[in-house]
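Containing compact mmCIF, C-alpha atoms: entry_22.txt.
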# COMPACT_ATOMS: atom_id res chain seq x y z
CA MET A 20 -5.65 26.55 -36.58
CA SER A 21 -3.51 25.66 -39.63
CA PHE A 22 -5.17 25.03 -42.99
CA PRO A 23 -4.13 21.30 -43.23
CA LEU A 24 -5.43 20.61 -39.73
CA PHE A 25 -8.72 22.41 -40.45
CA ILE A 26 -9.35 20.42 -43.64
CA ALA A 27 -8.34 17.15 -41.93
CA ARG A 28 -10.84 17.75 -39.13
CA ARG A 29 -13.61 18.50 -41.62
CA ILE A 30 -12.88 15.28 -43.52
CA TYR A 31 -12.76 13.27 -40.28
CA ARG A 32 -16.05 14.70 -38.97
CA GLU A 33 -17.85 14.52 -42.30
CA SER A 34 -21.11 12.61 -41.91
CA ASP A 35 -23.23 13.82 -44.84
CA GLY A 36 -23.78 10.33 -46.18
CA GLY A 37 -21.52 10.96 -49.17
CA LYS A 38 -18.84 8.62 -50.40
CA GLN A 39 -18.56 5.48 -48.37
CA VAL A 40 -15.96 3.56 -50.39
CA SER A 41 -13.25 4.20 -47.81
CA ARG A 42 -15.37 3.43 -44.73
CA PRO A 43 -14.54 -0.32 -44.53
CA ALA A 44 -10.84 0.47 -45.05
CA VAL A 45 -10.96 3.10 -42.30
CA LEU A 46 -12.68 0.71 -39.91
CA ILE A 47 -10.16 -2.05 -40.67
CA ALA A 48 -7.27 0.37 -40.16
CA MET A 49 -8.63 1.52 -36.81
CA ALA A 50 -9.30 -2.07 -35.79
CA GLY A 51 -5.72 -3.00 -36.70
CA ILE A 52 -4.39 -0.16 -34.54
CA ALA A 53 -6.72 -1.04 -31.65
CA ILE A 54 -5.99 -4.77 -31.69
CA GLY A 55 -2.26 -4.25 -32.12
CA LEU A 56 -2.05 -1.78 -29.23
CA ALA A 57 -4.20 -3.95 -26.96
CA VAL A 58 -2.00 -6.98 -27.69
CA MET A 59 1.15 -4.95 -26.97
CA ILE A 60 -0.20 -3.64 -23.66
CA ILE A 61 -1.30 -7.11 -22.55
CA ALA A 62 1.98 -8.73 -23.65
CA VAL A 63 4.10 -6.21 -21.74
CA ALA A 64 1.86 -6.37 -18.65
CA VAL A 65 1.95 -10.19 -18.60
CA VAL A 66 5.72 -10.45 -19.09
CA ILE A 67 6.46 -7.83 -16.44
CA GLY A 68 3.99 -9.45 -14.04
CA PHE A 69 5.36 -12.93 -14.68
CA LYS A 70 8.98 -11.88 -14.24
CA SER A 71 8.13 -9.99 -11.08
CA LYS A 72 6.15 -12.89 -9.61
CA VAL A 73 8.83 -15.51 -10.31
CA ARG A 74 11.61 -13.21 -9.14
CA ASP A 75 9.75 -12.45 -5.90
CA LYS A 76 9.39 -16.16 -5.20
CA VAL A 77 13.07 -16.84 -5.80
CA VAL A 78 13.98 -13.88 -3.58
CA GLY A 79 11.44 -14.95 -0.96
CA PHE A 80 13.18 -18.30 -0.52
CA GLY A 81 16.78 -17.18 -0.86
CA SER A 82 16.79 -13.37 -0.33
CA HIS A 83 18.49 -10.81 -2.57
CA ILE A 84 22.02 -11.49 -1.33
CA GLN A 85 23.57 -14.46 0.47
CA ILE A 86 26.81 -14.57 2.43
CA VAL A 87 28.14 -18.12 2.77
CA ASN A 88 31.43 -20.01 3.07
CA LEU A 89 33.74 -19.77 0.05
CA ASP A 90 34.48 -23.50 0.38
CA ALA A 91 30.83 -24.46 0.08
CA VAL A 92 30.26 -26.95 -2.72
CA SER A 93 27.18 -27.16 -4.92
CA SER A 94 25.30 -29.08 -2.26
CA TYR A 95 23.10 -28.29 0.70
CA GLU A 96 25.72 -29.87 2.98
CA THR A 97 27.66 -26.63 3.42
CA ARG A 98 30.60 -25.49 5.44
CA PRO A 99 29.74 -22.88 8.05
CA VAL A 100 30.74 -19.27 8.59
CA VAL A 101 30.41 -17.17 11.71
CA ALA A 102 27.42 -14.81 11.74
CA ASP A 103 27.26 -13.24 15.19
CA ASP A 104 25.26 -10.23 16.37
CA SER A 105 28.00 -7.76 15.46
CA LEU A 106 28.07 -8.93 11.83
CA LEU A 107 24.28 -8.78 11.59
CA ARG A 108 24.27 -5.22 12.94
CA VAL A 109 26.89 -4.13 10.42
CA LEU A 110 25.02 -5.73 7.52
CA SER A 111 21.63 -4.39 8.61
CA ALA A 112 23.06 -0.86 8.77
CA TYR A 113 24.52 -1.09 5.28
CA PRO A 114 22.97 1.43 2.79
CA GLY A 115 20.15 -0.20 0.88
CA VAL A 116 19.86 -3.28 3.14
CA THR A 117 16.50 -3.58 4.89
CA HIS A 118 16.87 -6.91 6.71
CA ALA A 119 19.49 -9.52 7.60
CA GLN A 120 18.80 -13.03 8.90
CA ARG A 121 20.81 -16.20 9.52
CA PHE A 122 20.04 -19.62 8.11
CA SER A 123 21.42 -23.14 8.22
CA THR A 124 20.62 -26.18 6.07
CA LYS A 125 20.82 -29.93 6.51
CA PRO A 126 19.79 -32.56 3.93
CA GLY A 127 17.78 -35.46 5.22
CA MET A 128 14.78 -37.67 4.67
CA ILE A 129 11.18 -37.76 5.91
CA LYS A 130 9.67 -41.16 6.64
CA THR A 131 6.06 -41.97 7.40
CA ASP A 132 4.35 -45.32 7.81
CA ASP A 133 3.84 -45.78 4.07
CA ALA A 134 6.15 -43.31 2.31
CA PHE A 135 9.47 -41.52 2.47
CA GLN A 136 10.84 -38.39 0.83
CA GLY A 137 14.18 -36.61 0.58
CA MET A 138 14.21 -33.01 1.78
CA VAL A 139 16.39 -30.16 3.06
CA LEU A 140 15.85 -28.90 6.58
CA LYS A 141 16.34 -25.14 6.69
CA GLY A 142 16.81 -23.53 10.09
CA VAL A 143 16.04 -19.86 10.77
CA GLY A 144 16.35 -17.78 13.90
CA PRO A 145 14.13 -15.31 15.75
CA GLU A 146 15.05 -12.55 13.27
CA PHE A 147 13.34 -14.53 10.46
CA ASP A 148 10.99 -12.32 8.40
CA PRO A 149 7.74 -14.29 7.89
CA THR A 150 6.23 -11.84 5.34
CA PHE A 151 6.87 -14.05 2.33
CA MET A 152 5.71 -17.28 3.97
CA ARG A 153 2.60 -15.60 5.35
CA GLN A 154 1.49 -14.79 1.78
CA TYR A 155 1.55 -18.47 0.80
CA LEU A 156 0.45 -20.11 4.05
CA VAL A 157 -2.57 -22.31 3.31
CA GLU A 158 -2.99 -24.17 6.61
CA GLY A 159 -1.81 -23.85 10.20
CA GLU A 160 0.46 -21.07 11.41
CA ILE A 161 4.04 -19.85 11.29
CA PRO A 162 5.78 -20.69 14.58
CA ALA A 163 8.23 -18.47 16.42
CA PHE A 164 11.62 -19.91 15.49
CA SER A 165 14.49 -20.01 17.98
CA ASP A 166 18.28 -20.07 18.01
CA THR A 167 18.57 -21.12 21.66
CA ALA A 168 16.16 -24.07 21.92
CA ALA A 169 14.46 -26.59 19.65
CA THR A 170 10.69 -26.21 19.43
CA ASN A 171 10.59 -29.09 16.92
CA LEU A 172 7.93 -27.21 14.91
CA ALA A 173 8.26 -27.04 11.14
CA LEU A 174 6.69 -25.55 8.03
CA ILE A 175 6.19 -27.96 5.14
CA SER A 176 5.07 -27.35 1.56
CA LYS A 177 1.71 -28.53 0.30
CA THR A 178 3.56 -30.61 -2.31
CA LEU A 179 5.28 -32.67 0.38
CA ALA A 180 2.26 -32.66 2.68
CA SER A 181 0.02 -34.07 -0.06
CA LYS A 182 2.55 -36.71 -1.06
CA LEU A 183 3.06 -37.84 2.54
CA LYS A 184 -0.60 -37.29 3.57
CA LEU A 185 0.25 -34.82 6.32
CA LYS A 186 -1.72 -32.04 7.96
CA PRO A 187 -0.98 -29.44 10.67
CA GLY A 188 -0.43 -31.09 14.02
CA ASP A 189 0.93 -34.33 12.57
CA LYS A 190 4.28 -35.61 13.83
CA ILE A 191 6.93 -36.89 11.41
CA TYR A 192 10.28 -38.59 11.79
CA THR A 193 13.22 -37.13 9.89
CA TYR A 194 16.57 -38.87 9.41
CA TYR A 195 20.05 -37.47 8.76
CA ILE A 196 23.19 -39.34 7.75
CA GLN A 197 26.52 -38.33 9.25
CA ASP A 198 28.88 -40.75 11.00
CA ASN A 199 25.70 -42.60 11.83
CA ILE A 200 22.00 -42.11 11.22
CA ARG A 201 20.38 -39.51 13.45
CA ALA A 202 16.63 -39.08 13.84
CA ARG A 203 14.50 -36.11 14.91
CA ARG A 204 10.77 -35.97 15.39
CA LEU A 205 9.11 -32.78 14.14
CA GLN A 206 5.55 -31.51 14.37
CA ILE A 207 3.89 -29.84 11.38
CA ALA A 208 2.94 -26.29 12.42
CA GLY A 209 1.86 -24.99 9.01
CA ILE A 210 1.64 -25.78 5.30
CA TYR A 211 2.66 -23.36 2.57
CA GLN A 212 2.20 -23.42 -1.21
CA THR A 213 4.23 -21.15 -3.48
CA ASN A 214 3.88 -23.28 -6.65
CA PHE A 215 7.63 -22.92 -7.11
CA SER A 216 8.34 -26.62 -7.44
CA GLU A 217 12.14 -26.40 -7.09
CA TYR A 218 11.64 -25.22 -3.51
CA ASP A 219 8.22 -26.61 -2.59
CA LYS A 220 9.34 -30.21 -3.06
CA LEU A 221 12.50 -29.68 -1.04
CA PHE A 222 12.38 -27.40 2.00
CA LEU A 223 11.16 -27.84 5.56
CA ILE A 224 11.64 -24.76 7.72
CA THR A 225 12.39 -25.11 11.42
CA ASP A 226 14.56 -23.71 14.24
CA LEU A 227 18.11 -22.57 13.58
CA TYR A 228 19.15 -24.19 16.88
CA LEU A 229 18.01 -27.66 15.77
CA VAL A 230 19.82 -27.54 12.40
CA ASN A 231 23.02 -26.24 13.96
CA ARG A 232 23.00 -29.09 16.49
CA LEU A 233 22.45 -31.64 13.73
CA ASN A 234 25.43 -30.17 11.87
CA GLY A 235 27.53 -30.20 15.04
CA TRP A 236 28.68 -26.62 14.53
CA LEU A 237 30.40 -24.32 17.02
CA PRO A 238 28.65 -21.33 18.62
CA GLY A 239 27.98 -18.56 16.12
CA GLN A 240 28.40 -20.78 13.05
CA VAL A 241 25.64 -20.97 10.42
CA THR A 242 25.34 -21.83 6.75
CA GLY A 243 25.06 -18.16 5.89
CA VAL A 244 23.29 -14.83 6.10
CA GLU A 245 20.43 -13.66 3.88
CA LEU A 246 20.07 -9.97 3.07
CA GLN A 247 17.01 -8.14 1.77
CA ILE A 248 17.56 -4.87 -0.09
CA ARG A 249 15.24 -1.94 -0.68
CA ASP A 250 15.72 -1.43 -4.43
CA TYR A 251 16.15 -4.43 -6.74
CA GLY A 252 17.67 -2.12 -9.33
CA GLN A 253 20.62 -1.66 -6.97
CA LEU A 254 21.22 -5.39 -6.56
CA ALA A 255 24.50 -5.53 -8.49
CA PRO A 256 26.18 -2.45 -6.94
CA THR A 257 25.02 -3.42 -3.43
CA THR A 258 26.35 -6.96 -3.89
CA ASP A 259 29.67 -5.64 -5.20
CA ALA A 260 30.00 -3.16 -2.35
CA ILE A 261 29.38 -5.81 0.34
CA ALA A 262 31.62 -8.30 -1.45
CA SER A 263 34.47 -5.79 -1.54
CA ARG A 264 34.38 -5.71 2.27
CA LEU A 265 33.68 -9.37 3.06
CA ASP A 266 34.92 -11.59 0.21
CA THR A 267 37.97 -13.71 1.19
CA ARG A 268 37.84 -12.34 4.73
CA PRO A 269 38.25 -15.19 7.29
CA ASP A 270 36.11 -15.61 10.40
CA ARG A 271 37.44 -16.65 13.79
CA TYR A 272 37.21 -20.37 12.95
CA GLY A 273 38.92 -20.09 9.58
CA GLY A 274 35.83 -19.98 7.38
CA VAL A 275 36.05 -17.57 4.43
CA TYR A 276 33.10 -15.30 3.55
CA TYR A 277 31.69 -15.31 0.03
CA VAL A 278 28.97 -12.91 -1.19
CA ARG A 279 26.55 -13.84 -3.99
CA SER A 280 23.41 -12.19 -5.39
CA VAL A 281 20.19 -14.06 -6.13
CA GLU A 282 20.96 -13.81 -9.85
CA GLN A 283 24.34 -15.48 -9.32
CA LEU A 284 22.72 -18.18 -7.20
CA ASN A 285 20.03 -18.92 -9.81
CA PRO A 286 21.56 -18.15 -13.23
CA GLN A 287 19.31 -20.55 -15.17
CA ILE A 288 16.09 -19.01 -13.86
CA PHE A 289 17.16 -15.42 -14.52
CA ALA A 290 18.56 -16.31 -17.96
CA TRP A 291 15.18 -17.82 -18.79
CA LEU A 292 13.39 -14.68 -17.55
CA SER A 293 15.65 -12.43 -19.61
CA LEU A 294 14.67 -14.38 -22.75
CA LEU A 295 11.09 -13.23 -22.24
CA ASP A 296 12.18 -9.69 -23.12
CA LEU A 297 13.06 -10.91 -26.62
CA ASN A 298 9.56 -12.33 -27.00
CA VAL A 299 8.09 -8.95 -26.06
CA TRP A 300 10.19 -7.14 -28.66
CA VAL A 301 9.09 -9.60 -31.33
CA ILE A 302 5.43 -9.02 -30.42
CA LEU A 303 5.86 -5.23 -30.40
CA ILE A 304 7.55 -5.18 -33.82
CA LEU A 305 4.97 -7.51 -35.38
CA MET A 306 1.99 -5.61 -33.97
CA ILE A 307 3.36 -2.19 -35.00
CA GLY A 308 4.05 -3.61 -38.46
CA VAL A 309 0.53 -5.00 -38.83
CA ALA A 310 -1.05 -1.77 -37.55
CA GLY A 311 1.14 0.34 -39.82
CA PHE A 312 0.37 -1.65 -42.97
CA THR A 313 -3.38 -1.56 -42.33
CA MET A 314 -3.11 2.22 -41.98
CA ILE A 315 -1.12 2.42 -45.23
CA SER A 316 -3.80 0.54 -47.16
CA GLY A 317 -6.51 2.68 -45.56
CA LEU A 318 -4.72 5.93 -46.40
CA LEU A 319 -4.17 4.91 -50.03
CA ILE A 320 -7.88 4.12 -50.43
CA ILE A 321 -8.81 7.46 -48.83
CA ILE A 322 -6.44 9.36 -51.16
CA ILE A 323 -7.89 7.61 -54.22
CA GLU A 324 -11.43 8.34 -53.03
CA ARG A 325 -10.54 12.02 -52.46
CA THR A 326 -8.77 12.49 -55.80
CA ASN A 327 -11.38 15.06 -56.91
CA MET A 328 -10.93 17.08 -53.71
CA ILE A 329 -7.13 16.94 -54.04
CA GLY A 330 -7.41 18.33 -57.58
CA VAL A 331 -9.63 21.19 -56.41
CA LEU A 332 -7.21 22.06 -53.60
CA LYS A 333 -4.29 22.10 -56.04
CA ALA A 334 -6.29 24.28 -58.47
CA LEU A 335 -6.91 26.73 -55.61
CA GLY A 336 -3.16 26.95 -54.99
CA ALA A 337 -2.52 24.35 -52.28
CA THR A 338 0.93 22.77 -52.52
CA ASN A 339 1.65 19.06 -52.48
CA PHE A 340 3.25 19.44 -49.04
CA THR A 341 0.12 21.13 -47.63
CA ILE A 342 -2.18 18.43 -48.98
CA ARG A 343 0.12 15.68 -47.71
CA LYS A 344 0.03 17.26 -44.26
CA THR A 345 -3.76 17.33 -44.48
CA PHE A 346 -4.01 13.59 -45.07
CA LEU A 347 -1.34 12.82 -42.48
CA TRP A 348 -3.37 14.80 -39.93
CA PHE A 349 -6.43 12.84 -40.98
CA ALA A 350 -4.46 9.61 -40.45
CA VAL A 351 -3.40 10.82 -37.00
CA PHE A 352 -7.09 11.25 -36.06
CA LEU A 353 -7.84 7.70 -37.17
CA ILE A 354 -4.78 6.31 -35.37
CA GLY A 355 -5.73 8.23 -32.22
CA LYS A 356 -9.23 6.76 -32.21
CA GLY A 357 -7.86 3.27 -32.74
CA MET A 358 -5.30 3.78 -29.97
CA LEU A 359 -8.03 4.98 -27.59
CA ILE A 360 -10.02 1.80 -28.20
CA GLY A 361 -6.87 -0.33 -27.88
CA ASN A 362 -5.93 1.27 -24.56
CA VAL A 363 -9.40 0.76 -23.14
CA VAL A 364 -9.54 -2.91 -24.22
CA GLY A 365 -5.96 -3.75 -23.19
CA ILE A 366 -6.03 -2.06 -19.78
CA ALA A 367 -9.53 -3.38 -19.03
CA LEU A 368 -8.46 -6.98 -19.73
CA CYS A 369 -5.38 -6.53 -17.54
CA LEU A 370 -7.48 -5.15 -14.68
CA LEU A 371 -10.00 -7.99 -14.99
CA GLN A 372 -7.23 -10.58 -14.96
CA SER A 373 -5.55 -8.92 -11.97
CA ALA A 374 -8.82 -8.80 -10.01
CA PHE A 375 -10.39 -12.15 -10.90
CA GLY A 376 -7.61 -14.36 -12.34
CA LEU A 377 -9.72 -15.38 -15.34
CA PHE A 378 -6.90 -17.11 -17.22
CA LYS A 379 -5.23 -20.03 -15.44
CA LEU A 380 -1.81 -21.63 -15.82
CA ASN A 381 -0.29 -24.95 -14.84
CA PRO A 382 1.78 -24.09 -11.73
CA GLU A 383 4.06 -27.09 -12.23
CA THR A 384 5.25 -25.57 -15.50
CA TYR A 385 4.92 -21.80 -14.99
CA TYR A 386 5.36 -21.49 -11.18
CA VAL A 387 2.09 -19.52 -10.93
CA ASP A 388 -1.51 -20.71 -11.08
CA THR A 389 -2.96 -17.67 -12.89
CA VAL A 390 -1.58 -15.34 -15.56
CA PRO A 391 0.07 -12.50 -13.60
CA VAL A 392 -0.18 -8.94 -14.89
CA SER A 393 1.56 -5.74 -13.84
CA ILE A 394 0.38 -2.42 -15.31
CA ASN A 395 3.21 0.09 -15.70
CA PRO A 396 1.83 3.53 -16.73
CA LEU A 397 5.20 4.72 -18.03
CA LEU A 398 5.60 1.69 -20.31
CA ILE A 399 2.02 2.06 -21.58
CA LEU A 400 2.75 5.71 -22.39
CA LEU A 401 5.93 4.71 -24.25
CA ILE A 402 4.03 2.04 -26.21
CA ASN A 403 1.43 4.63 -27.24
CA VAL A 404 4.03 7.18 -28.28
CA GLY A 405 6.03 4.55 -30.17
CA THR A 406 2.94 3.23 -31.95
CA LEU A 407 1.83 6.72 -33.00
CA ALA A 408 5.30 7.72 -34.17
CA ALA A 409 5.93 4.47 -36.07
CA SER A 410 2.51 4.54 -37.76
CA VAL A 411 2.87 8.17 -38.90
CA LEU A 412 6.39 7.57 -40.18
CA MET A 413 5.18 4.57 -42.18
CA LEU A 414 2.53 6.79 -43.82
CA ILE A 415 4.95 9.45 -45.06
CA GLY A 416 5.99 7.34 -48.06
CA PRO A 417 2.45 6.50 -49.29
CA SER A 418 1.45 10.16 -48.95
CA PHE A 419 3.76 10.97 -51.90
CA LEU A 420 0.99 9.52 -54.11
CA ILE A 421 -0.62 12.96 -53.80
CA THR A 422 2.21 14.52 -55.85
CA LYS A 423 1.23 12.34 -58.81
CA ILE A 424 -2.31 13.72 -58.97
CA HIS A 425 -2.82 16.45 -61.66
CA PRO A 426 -5.57 19.03 -61.09
CA ALA A 427 -6.94 19.04 -64.64
CA ARG A 428 -7.51 15.30 -64.76
CA SER A 429 -8.41 14.77 -61.10
CA ILE A 430 -11.22 17.35 -61.03
CA ARG A 431 -13.03 15.23 -63.64
CA TYR A 432 -12.27 12.05 -61.65
CA GLU A 433 -15.30 10.08 -60.47
Could you write out this file's structure as structure tokens?
Amino acid sequence: MSFPLFIARRIYRESDGGKQVSRPAVLIAMAGIAIGLAVMIIAVAVVIGFKSKVRDKVVGFGSHIQIVNLDAVSSYETRPVVADDSLLRVLSAYPGVTHAQRFSTKPGMIKTDDAFQGMVLKGVGPEFDPTFMRQYLVEGEIPAFSDTAATNLALISKTLASKLKLKPGDKIYTYYIQDNIRARRLQIAGIYQTNFSEYDKLFLITDLYLVNRLNGWLPGQVTGVELQIRDYGQLAPTTDAIASRLDTRPDRYGGVYYVRSVEQLNPQIFAWLSLLDLNVWVILILMIGVAGFTMISGLLIIIIERTNMIGVLKALGATNFTIRKTFLWFAVFLIGKGMLIGNVVGIALCLLQSAFGLFKLNPETYYVDTVPVSINPLLILLINVGTLAASVLMLIGPSFLITKIHPARSIRYE
């Protein structure tokens, strides 16, 4: 064991009831480290969890990648493209793609005896993956959707169901305007609630066959194809690779394929989510700064309190560099203890929130009803390493105070 480390450990473990001037400063410094680290861990966990939760909901409704008609306008009344079995097989076999499903949309209106509401009817086929909807189903069941017959069963959001006073089993009339007004009667099979208001207040999900008939499309035509991918980190390259093969390619009826990722479909949402990263960096910088400055004040008080000891060490031949290393090691021990407490508090609060949802949010504003958290061990490790490194670097400057202490005067210092 090196001499500076040995002396630092003796100072840290000293409990002989001697000088206690520095004790409050040491406790404040450790508390600053602990609180700062706990806040950083919680902030990162909340932002990652929130981004992941919102992103998963956007992807759940619209998939990672959509293939639609290039001539489609910014409306739910879209022009169709052909998506037959051969195209689905090719897309499903594409590297990174885990699932492909067709969909069609038709804007319309729901009317009950005492209310009416605009909506978009979304049709899906038998290949529809119900995993996402099953997570948010609150009443009823998810029907088996068809592309060859109309079951007239539909899923409706709790937002619409509450507004129109509907429950599973109820029958509703929906109306669609084309050359004339067309009506279809649907039965509510289930009610879902994602708290994502942009979609909850809009979509009814039913059979692909029914929506295609309402649109008057030819066999094989749909609004588009939705693709799920295995790794979100490969979204951009996968989108580009599929687009290079399909973009501007015509189908047999003259429709032109156009490939877009979920981030291109929802630029406002993902721009908003990316701004959260800036908030995290601001919190990290502020907390590291606060923790570092509390450690600086604590170290200065400790050096002043140990002036007599520093003089003795210099008289015995210790160099300024050796003594500085001693006090920096001592500071590392204090920082380590504070970081241990901060990790325990921060991770414990994240685990409690994840298990019990103690802190609530307004779902109409934040799209989730509780504060979401996601604990990433690698990021927590990086936060710890960064905090330790930044705190020690900030202490190098104040440690130069030791060079100003003269043995002859400091040994007499009280």
Hey, what's within 12 Å of range 154-166 of chain A if we count all atoms listed in the file and toss same-chain stuff fewer than 5 positions away? As a PDB file with C-alpha atoms, in the coordinates of the input, please?
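Saved file out.pdb follows:
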ATOM      1  CA  ASP A  75       9.750 -12.450  -5.900  1.00  0.00           C
ATOM      2  CA  LYS A  76       9.390 -16.160  -5.200  1.00  0.00           C
ATOM      3  CA  GLY A  79      11.440 -14.950  -0.960  1.00  0.00           C
ATOM      4  CA  PHE A  80      13.180 -18.300  -0.520  1.00  0.00           C
ATOM      5  CA  ASP A 103      27.260 -13.240  15.190  1.00  0.00           C
ATOM      6  CA  GLN A 120      18.800 -13.030   8.900  1.00  0.00           C
ATOM      7  CA  ARG A 121      20.810 -16.200   9.520  1.00  0.00           C
ATOM      8  CA  PHE A 122      20.040 -19.620   8.110  1.00  0.00           C
ATOM      9  CA  SER A 123      21.420 -23.140   8.220  1.00  0.00           C
ATOM     10  CA  LYS A 141      16.340 -25.140   6.690  1.00  0.00           C
ATOM     11  CA  GLY A 142      16.810 -23.530  10.090  1.00  0.00           C
ATOM     12  CA  VAL A 143      16.040 -19.860  10.770  1.00  0.00           C
ATOM     13  CA  GLY A 144      16.350 -17.780  13.900  1.00  0.00           C
ATOM     14  CA  PRO A 145      14.130 -15.310  15.750  1.00  0.00           C
ATOM     15  CA  GLU A 146      15.050 -12.550  13.270  1.00  0.00           C
ATOM     16  CA  PHE A 147      13.340 -14.530  10.460  1.00  0.00           C
ATOM     17  CA  ASP A 148      10.990 -12.320   8.400  1.00  0.00           C
ATOM     18  CA  PRO A 149       7.740 -14.290   7.890  1.00  0.00           C
ATOM     19  CA  ASN A 171      10.590 -29.090  16.920  1.00  0.00           C
ATOM     20  CA  LEU A 172       7.930 -27.210  14.910  1.00  0.00           C
ATOM     21  CA  ALA A 173       8.260 -27.040  11.140  1.00  0.00           C
ATOM     22  CA  LEU A 174       6.690 -25.550   8.030  1.00  0.00           C
ATOM     23  CA  ILE A 175       6.190 -27.960   5.140  1.00  0.00           C
ATOM     24  CA  SER A 176       5.070 -27.350   1.560  1.00  0.00           C
ATOM     25  CA  LYS A 177       1.710 -28.530   0.300  1.00  0.00           C
ATOM     26  CA  THR A 178       3.560 -30.610  -2.310  1.00  0.00           C
ATOM     27  CA  ALA A 180       2.260 -32.660   2.680  1.00  0.00           C
ATOM     28  CA  LEU A 185       0.250 -34.820   6.320  1.00  0.00           C
ATOM     29  CA  LYS A 186      -1.720 -32.040   7.960  1.00  0.00           C
ATOM     30  CA  PRO A 187      -0.980 -29.440  10.670  1.00  0.00           C
ATOM     31  CA  GLY A 188      -0.430 -31.090  14.020  1.00  0.00           C
ATOM     32  CA  ASP A 189       0.930 -34.330  12.570  1.00  0.00           C
ATOM     33  CA  GLN A 206       5.550 -31.510  14.370  1.00  0.00           C
ATOM     34  CA  ILE A 207       3.890 -29.840  11.380  1.00  0.00           C
ATOM     35  CA  ALA A 208       2.940 -26.290  12.420  1.00  0.00           C
ATOM     36  CA  GLY A 209       1.860 -24.990   9.010  1.00  0.00           C
ATOM     37  CA  ILE A 210       1.640 -25.780   5.300  1.00  0.00           C
ATOM     38  CA  TYR A 211       2.660 -23.360   2.570  1.00  0.00           C
ATOM     39  CA  GLN A 212       2.200 -23.420  -1.210  1.00  0.00           C
ATOM     40  CA  THR A 213       4.230 -21.150  -3.480  1.00  0.00           C
ATOM     41  CA  ASN A 214       3.880 -23.280  -6.650  1.00  0.00           C
ATOM     42  CA  PHE A 215       7.630 -22.920  -7.110  1.00  0.00           C
ATOM     43  CA  ASP A 219       8.220 -26.610  -2.590  1.00  0.00           C
ATOM     44  CA  ILE A 224      11.640 -24.760   7.720  1.00  0.00           C
ATOM     45  CA  THR A 225      12.390 -25.110  11.420  1.00  0.00           C
ATOM     46  CA  ASP A 226      14.560 -23.710  14.240  1.00  0.00           C
ATOM     47  CA  LEU A 227      18.110 -22.570  13.580  1.00  0.00           C
ATOM     48  CA  TYR A 228      19.150 -24.190  16.880  1.00  0.00           C
ATOM     49  CA  LEU A 229      18.010 -27.660  15.770  1.00  0.00           C
ATOM     50  CA  VAL A 230      19.820 -27.540  12.400  1.00  0.00           C
ATOM     51  CA  ASN A 231      23.020 -26.240  13.960  1.00  0.00           C
ATOM     52  CA  ARG A 232      23.000 -29.090  16.490  1.00  0.00           C
ATOM     53  CA  PRO A 238      28.650 -21.330  18.620  1.00  0.00           C
ATOM     54  CA  GLY A 239      27.980 -18.560  16.120  1.00  0.00           C
ATOM     55  CA  GLN A 240      28.400 -20.780  13.050  1.00  0.00           C
ATOM     56  CA  VAL A 241      25.640 -20.970  10.420  1.00  0.00           C
ATOM     57  CA  VAL A 387       2.090 -19.520 -10.930  1.00  0.00           C
TER      58      VAL A 387
END
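Within the 8 Å cut-off around Val299 in chain A, using all atoms listed in the file and omitting residues fewer than 3 positions from it on the same chain, the listed residues are A:Ala62, A:Val63, A:Val66, A:Leu295, A:Asp296, A:Ile302, A:Leu303.
Here CA of Tyr192 in chain A stands at a distance of 25.1 Å from CA of Arg153 in chain A.
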So that I can see what lies close to Thr117 in chain A, please list as a PyMOL selection string the residues with an atom at most 7 Å from it, counting all atoms listed in the file and leaving out residues fewer than 3 positions away in the same chain. chain A and resi 111+247-249
Figure out the distance between CA of Asn381 in chain A and CA of Thr131 in chain A, please, to one decimal in Å. 28.7 Å
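The two atoms in question, CA of Ile399 in chain A and CA of Gly365 in chain A, are spaced 10.0 Å apart.
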Within 6 Å of Val87 in chain A, counting all atoms listed in the file, which residues show up once you throw out same-chain ones fewer than 4 positions away? Write them as a PyMOL selection string, please. chain A and resi 243+276-277
Who sits within 9 Å of Ser410 in chain A, all atoms listed in the file, same chain under 6 positions skipped, as a PDB file with C-alpha atoms, in the frame of the given file:
ATOM      1  CA  ILE A  52      -4.390  -0.160 -34.540  1.00  0.00           C
ATOM      2  CA  ILE A 307       3.360  -2.190 -35.000  1.00  0.00           C
ATOM      3  CA  GLY A 308       4.050  -3.610 -38.460  1.00  0.00           C
ATOM      4  CA  ALA A 310      -1.050  -1.770 -37.550  1.00  0.00           C
ATOM      5  CA  GLY A 311       1.140   0.340 -39.820  1.00  0.00           C
ATOM      6  CA  PHE A 312       0.370  -1.650 -42.970  1.00  0.00           C
ATOM      7  CA  MET A 314      -3.110   2.220 -41.980  1.00  0.00           C
ATOM      8  CA  ILE A 315      -1.120   2.420 -45.230  1.00  0.00           C
ATOM      9  CA  VAL A 351      -3.400  10.820 -37.000  1.00  0.00           C
ATOM     10  CA  ILE A 354      -4.780   6.310 -35.370  1.00  0.00           C
TER      11      ILE A 354
END
Ranking A:Thr242, A:Ser418, A:Ser280, A:Thr193 by minimum distance to Pro256 in chain A and counting only C-alpha atoms, which one comes first? A:Ser280
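For the choices A:Gly274, A:Gly81, A:Gly317, A:Pro391, the atom-to-atom distance to Phe69 in chain A is smallest for A:Pro391 when using all atoms listed in the file.
Using all atoms listed in the file for every distance, the candidate list A:Phe25, A:Glu245, A:Val364, A:Val77 yields A:Val77 as the residue closest to Phe289 in chain A.
Considering all atoms listed in the file, the residue among A:Val109, A:Ile304, A:Leu46, A:Val101 positioned nearest to Gly405 in chain A is A:Ile304.
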